[in-house]
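The block underneath contains the structure these notes are about, expressed in C-alpha coordinates.
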Amino acid sequence: MKQFTTGDLNKQIGDITDAASREPVVLTRHKKPRFVLMSYEHYERMRSAGDPRRAYAVSEMPAEQAALFDEALDRLTLGEGYDDEP
(Lines give C-alpha, C1' and ligand atoms only; values in the text may rest on other atoms or scores of the structure.)
Protein backbone atom coordinates (compact mmCIF):
# COMPACT_ATOMS: atom_id res chain seq x y z
CA MET A 1 0.00 0.00 0.00
CA LYS A 2 1.44 3.36 -0.98
CA GLN A 3 1.86 6.12 1.58
CA PHE A 4 1.64 9.86 1.23
CA THR A 5 1.68 12.67 3.76
CA THR A 6 -1.27 14.98 4.23
CA GLY A 7 1.04 17.71 2.90
CA ASP A 8 1.54 15.66 -0.26
CA LEU A 9 -2.23 15.53 -0.65
CA ASN A 10 -2.33 19.32 -0.90
CA LYS A 11 0.43 19.37 -3.52
CA GLN A 12 -0.27 16.20 -5.54
CA ILE A 13 -4.01 15.62 -5.36
CA GLY A 14 -4.14 14.25 -8.92
CA ASP A 15 -1.31 11.75 -8.44
CA ILE A 16 -2.68 10.57 -5.10
CA THR A 17 -6.25 10.13 -6.30
CA ASP A 18 -4.92 8.25 -9.35
CA ALA A 19 -3.03 5.91 -7.01
CA ALA A 20 -6.13 5.53 -4.81
CA SER A 21 -8.17 4.54 -7.85
CA ARG A 22 -5.91 1.47 -8.22
CA GLU A 23 -5.51 0.54 -4.54
CA PRO A 24 -6.10 2.12 -1.12
CA VAL A 25 -3.39 4.56 -0.06
CA VAL A 26 -2.38 5.62 3.44
CA LEU A 27 -2.22 9.30 4.35
CA THR A 28 0.16 10.07 7.19
CA ARG A 29 0.40 13.04 9.50
CA HIS A 30 3.47 13.53 11.72
CA LYS A 31 4.81 10.21 10.35
CA LYS A 32 1.81 8.24 11.67
CA PRO A 33 -0.91 6.63 9.53
CA ARG A 34 -4.08 8.71 9.91
CA PHE A 35 -6.35 8.09 6.92
CA VAL A 36 -6.95 5.66 4.08
CA LEU A 37 -8.05 6.97 0.71
CA MET A 38 -9.66 4.52 -1.72
CA SER A 39 -11.97 4.45 -4.68
CA TYR A 40 -15.68 4.43 -4.04
CA GLU A 41 -15.93 1.07 -5.81
CA HIS A 42 -13.40 -0.47 -3.43
CA TYR A 43 -15.24 1.00 -0.46
CA GLU A 44 -18.55 -0.45 -1.69
CA ARG A 45 -16.98 -3.89 -2.18
CA MET A 46 -15.67 -3.79 1.39
CA ARG A 47 -18.97 -2.57 2.75
CA SER A 48 -21.09 -5.12 0.93
CA ALA A 49 -18.83 -8.04 1.86
CA GLY A 50 -20.15 -7.91 5.40
CA ASP A 51 -18.17 -7.97 8.59
CA PRO A 52 -16.86 -11.46 9.40
CA ARG A 53 -16.25 -10.58 13.05
CA ARG A 54 -18.64 -12.02 15.59
CA ALA A 55 -19.06 -11.73 19.32
CA TYR A 56 -19.89 -14.87 21.28
CA ALA A 57 -20.87 -15.60 24.84
CA VAL A 58 -18.27 -17.94 26.31
CA SER A 59 -20.85 -20.72 26.51
CA GLU A 60 -21.65 -20.36 22.78
CA MET A 61 -18.11 -19.92 21.46
CA PRO A 62 -17.14 -22.42 18.72
CA ALA A 63 -14.43 -24.87 19.80
CA GLU A 64 -11.87 -23.44 17.37
CA GLN A 65 -12.38 -19.93 18.74
CA ALA A 66 -12.32 -21.19 22.34
CA ALA A 67 -8.94 -22.83 21.73
CA LEU A 68 -7.50 -19.59 20.33
CA PHE A 69 -8.96 -17.68 23.27
CA ASP A 70 -7.42 -20.12 25.78
CA GLU A 71 -4.02 -19.85 24.07
CA ALA A 72 -4.16 -16.05 24.24
CA LEU A 73 -5.10 -16.13 27.93
CA ASP A 74 -2.22 -18.49 28.65
CA ARG A 75 0.22 -16.14 26.91
CA LEU A 76 -1.10 -13.17 28.85
CA THR A 77 -0.72 -14.95 32.20
CA LEU A 78 2.91 -15.61 31.27
CA GLY A 79 3.39 -11.90 30.58
CA GLU A 80 3.55 -12.34 26.82
CA GLY A 81 1.43 -10.72 24.15
CA TYR A 82 1.68 -7.05 25.01
CA ASP A 83 4.95 -5.64 23.73
CA ASP A 84 5.59 -8.39 21.19
CA GLU A 85 2.41 -7.71 19.20
CA PRO A 86 2.96 -5.99 15.83
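Each chain in the C-alpha coordinates gets a letter, A, B and so on, in the order shown; residues start at 1 in every chain, and ligands are counted from 1 in the order they appear.
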**OP:** Can you pull out every residue within 12 Å of segment 39-43 of chain A, counting only C-alpha atoms, but drop anything in the same chain fewer than 2 positions away, and send it as number ranges by chain?
**Re:** A: 16-25, 36-37, 45-50
Write the residues you've just listed into a file as a PDB file, in the first residue's frame, and include N, CA and C atoms for each of them.
ATOM      1  N   ILE A  16      -2.224  11.383  -6.223  1.00  0.00           N
ATOM      2  CA  ILE A  16      -2.676  10.568  -5.100  1.00  0.00           C
ATOM      3  C   ILE A  16      -4.042   9.953  -5.387  1.00  0.00           C
ATOM      4  N   THR A  17      -4.942  10.719  -5.970  1.00  0.00           N
ATOM      5  CA  THR A  17      -6.249  10.133  -6.296  1.00  0.00           C
ATOM      6  C   THR A  17      -6.123   9.092  -7.408  1.00  0.00           C
ATOM      7  N   ASP A  18      -5.180   9.283  -8.336  1.00  0.00           N
ATOM      8  CA  ASP A  18      -4.925   8.253  -9.346  1.00  0.00           C
ATOM      9  C   ASP A  18      -4.445   6.965  -8.681  1.00  0.00           C
ATOM     10  N   ALA A  19      -3.521   7.091  -7.724  1.00  0.00           N
ATOM     11  CA  ALA A  19      -3.026   5.910  -7.006  1.00  0.00           C
ATOM     12  C   ALA A  19      -4.160   5.251  -6.221  1.00  0.00           C
ATOM     13  N   ALA A  20      -5.021   6.064  -5.603  1.00  0.00           N
ATOM     14  CA  ALA A  20      -6.132   5.534  -4.813  1.00  0.00           C
ATOM     15  C   ALA A  20      -7.179   4.863  -5.689  1.00  0.00           C
ATOM     16  N   SER A  21      -7.220   5.203  -6.963  1.00  0.00           N
ATOM     17  CA  SER A  21      -8.175   4.538  -7.850  1.00  0.00           C
ATOM     18  C   SER A  21      -7.739   3.102  -8.148  1.00  0.00           C
ATOM     19  N   ARG A  22      -6.440   2.818  -7.982  1.00  0.00           N
ATOM     20  CA  ARG A  22      -5.912   1.474  -8.223  1.00  0.00           C
ATOM     21  C   ARG A  22      -5.894   0.623  -6.956  1.00  0.00           C
ATOM     22  N   GLU A  23      -5.564   1.231  -5.820  1.00  0.00           N
ATOM     23  CA  GLU A  23      -5.511   0.539  -4.537  1.00  0.00           C
ATOM     24  C   GLU A  23      -5.620   1.577  -3.417  1.00  0.00           C
ATOM     25  N   PRO A  24      -6.052   1.159  -2.234  1.00  0.00           N
ATOM     26  CA  PRO A  24      -6.100   2.116  -1.122  1.00  0.00           C
ATOM     27  C   PRO A  24      -4.710   2.675  -0.823  1.00  0.00           C
ATOM     28  N   VAL A  25      -4.647   3.936  -0.449  1.00  0.00           N
ATOM     29  CA  VAL A  25      -3.391   4.563  -0.059  1.00  0.00           C
ATOM     30  C   VAL A  25      -3.523   5.099   1.356  1.00  0.00           C
ATOM     31  N   VAL A  36      -7.086   6.514   5.260  1.00  0.00           N
ATOM     32  CA  VAL A  36      -6.953   5.660   4.080  1.00  0.00           C
ATOM     33  C   VAL A  36      -7.857   6.244   3.014  1.00  0.00           C
ATOM     34  N   LEU A  37      -7.298   6.440   1.836  1.00  0.00           N
ATOM     35  CA  LEU A  37      -8.054   6.968   0.706  1.00  0.00           C
ATOM     36  C   LEU A  37      -8.183   5.848  -0.312  1.00  0.00           C
ATOM     37  N   ARG A  45     -17.272  -2.450  -2.255  1.00  0.00           N
ATOM     38  CA  ARG A  45     -16.977  -3.892  -2.178  1.00  0.00           C
ATOM     39  C   ARG A  45     -16.714  -4.298  -0.735  1.00  0.00           C
ATOM     40  N   MET A  46     -15.950  -3.493  -0.024  1.00  0.00           N
ATOM     41  CA  MET A  46     -15.670  -3.789   1.387  1.00  0.00           C
ATOM     42  C   MET A  46     -16.948  -3.750   2.212  1.00  0.00           C
ATOM     43  N   ARG A  47     -17.746  -2.746   1.962  1.00  0.00           N
ATOM     44  CA  ARG A  47     -18.971  -2.570   2.747  1.00  0.00           C
ATOM     45  C   ARG A  47     -19.975  -3.682   2.490  1.00  0.00           C
ATOM     46  N   SER A  48     -20.095  -4.112   1.261  1.00  0.00           N
ATOM     47  CA  SER A  48     -21.092  -5.116   0.927  1.00  0.00           C
ATOM     48  C   SER A  48     -20.637  -6.530   1.282  1.00  0.00           C
ATOM     49  N   ALA A  49     -19.339  -6.713   1.525  1.00  0.00           N
ATOM     50  CA  ALA A  49     -18.828  -8.041   1.862  1.00  0.00           C
ATOM     51  C   ALA A  49     -19.281  -8.477   3.245  1.00  0.00           C
ATOM     52  N   GLY A  50     -19.728  -7.554   4.050  1.00  0.00           N
ATOM     53  CA  GLY A  50     -20.148  -7.910   5.398  1.00  0.00           C
ATOM     54  C   GLY A  50     -18.955  -8.022   6.328  1.00  0.00           C
TER      55      GLY A  50
END
Subject >> Members of chain A assigned alpha helix (DSSP H) by DSSP, as an MDAnalysis selection string >> reply: chainID A and resid 6:11 13:22 40:48 63:77
Original post:
Which residues, written as a count of residues only, have at least one atom at most 12 Å from Thr5 of chain A, with only C-alpha atoms counted and residues fewer than 5 positions away on the same chain left out?
Top reply: 18
Original post:
Could you pull out all residues of chain A with a DSSP call of strand (DSSP E) and give them as a ChimeraX atom specification?
Top reply: /A:3-5,25-29,32-37
Keeping only N, CA and C atoms, take the residues you just selected and write them out as an mmCIF file, in the first residue's frame.
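Contents of the output file result17.cif:
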data_model
loop_
_atom_site.group_PDB
_atom_site.id
_atom_site.type_symbol
_atom_site.label_atom_id
_atom_site.label_comp_id
_atom_site.auth_asym_id
_atom_site.auth_seq_id
_atom_site.Cartn_x
_atom_site.Cartn_y
_atom_site.Cartn_z
ATOM 1 N N GLN A 3 2.060 5.133 0.522
ATOM 2 C CA GLN A 3 1.858 6.117 1.581
ATOM 3 C C GLN A 3 2.191 7.509 1.071
ATOM 4 N N PHE A 4 1.397 8.463 1.528
ATOM 5 C CA PHE A 4 1.638 9.865 1.232
ATOM 6 C C PHE A 4 1.383 10.647 2.516
ATOM 7 N N THR A 5 1.974 11.815 2.608
ATOM 8 C CA THR A 5 1.681 12.673 3.757
ATOM 9 C C THR A 5 0.455 13.523 3.442
ATOM 10 N N VAL A 25 -4.647 3.936 -0.449
ATOM 11 C CA VAL A 25 -3.391 4.563 -0.059
ATOM 12 C C VAL A 25 -3.523 5.099 1.356
ATOM 13 N N VAL A 26 -2.411 5.127 2.069
ATOM 14 C CA VAL A 26 -2.376 5.623 3.439
ATOM 15 C C VAL A 26 -1.926 7.070 3.416
ATOM 16 N N LEU A 27 -2.627 7.901 4.169
ATOM 17 C CA LEU A 27 -2.220 9.295 4.351
ATOM 18 C C LEU A 27 -1.685 9.430 5.767
ATOM 19 N N THR A 28 -0.462 9.934 5.876
ATOM 20 C CA THR A 28 0.164 10.067 7.185
ATOM 21 C C THR A 28 0.203 11.531 7.615
ATOM 22 N N ARG A 29 0.225 11.711 8.913
ATOM 23 C CA ARG A 29 0.404 13.037 9.504
ATOM 24 C C ARG A 29 1.362 12.865 10.669
ATOM 25 N N LYS A 32 2.704 9.294 11.195
ATOM 26 C CA LYS A 32 1.812 8.236 11.671
ATOM 27 C C LYS A 32 0.652 8.078 10.701
ATOM 28 N N PRO A 33 0.249 6.839 10.409
ATOM 29 C CA PRO A 33 -0.911 6.635 9.532
ATOM 30 C C PRO A 33 -2.156 7.248 10.150
ATOM 31 N N ARG A 34 -2.882 8.047 9.382
ATOM 32 C CA ARG A 34 -4.079 8.712 9.905
ATOM 33 C C ARG A 34 -5.335 8.409 9.105
ATOM 34 N N PHE A 35 -5.186 8.267 7.784
ATOM 35 C CA PHE A 35 -6.348 8.093 6.920
ATOM 36 C C PHE A 35 -6.037 7.084 5.829
ATOM 37 N N VAL A 36 -7.086 6.514 5.260
ATOM 38 C CA VAL A 36 -6.953 5.660 4.080
ATOM 39 C C VAL A 36 -7.857 6.244 3.014
ATOM 40 N N LEU A 37 -7.298 6.440 1.836
ATOM 41 C CA LEU A 37 -8.054 6.968 0.706
ATOM 42 C C LEU A 37 -8.183 5.848 -0.312
#
Original post:
Any idea what the distance is between atom CA of Ala63 of chain A and atom CA of Arg75 of chain A?
Top reply: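 Atom CA of Ala63 of chain A sits 18.5 Å away from atom CA of Arg75 of chain A.
The space separating atom CA of Thr6 of chain A from atom CA of Met38 of chain A comes to 14.7 Å.
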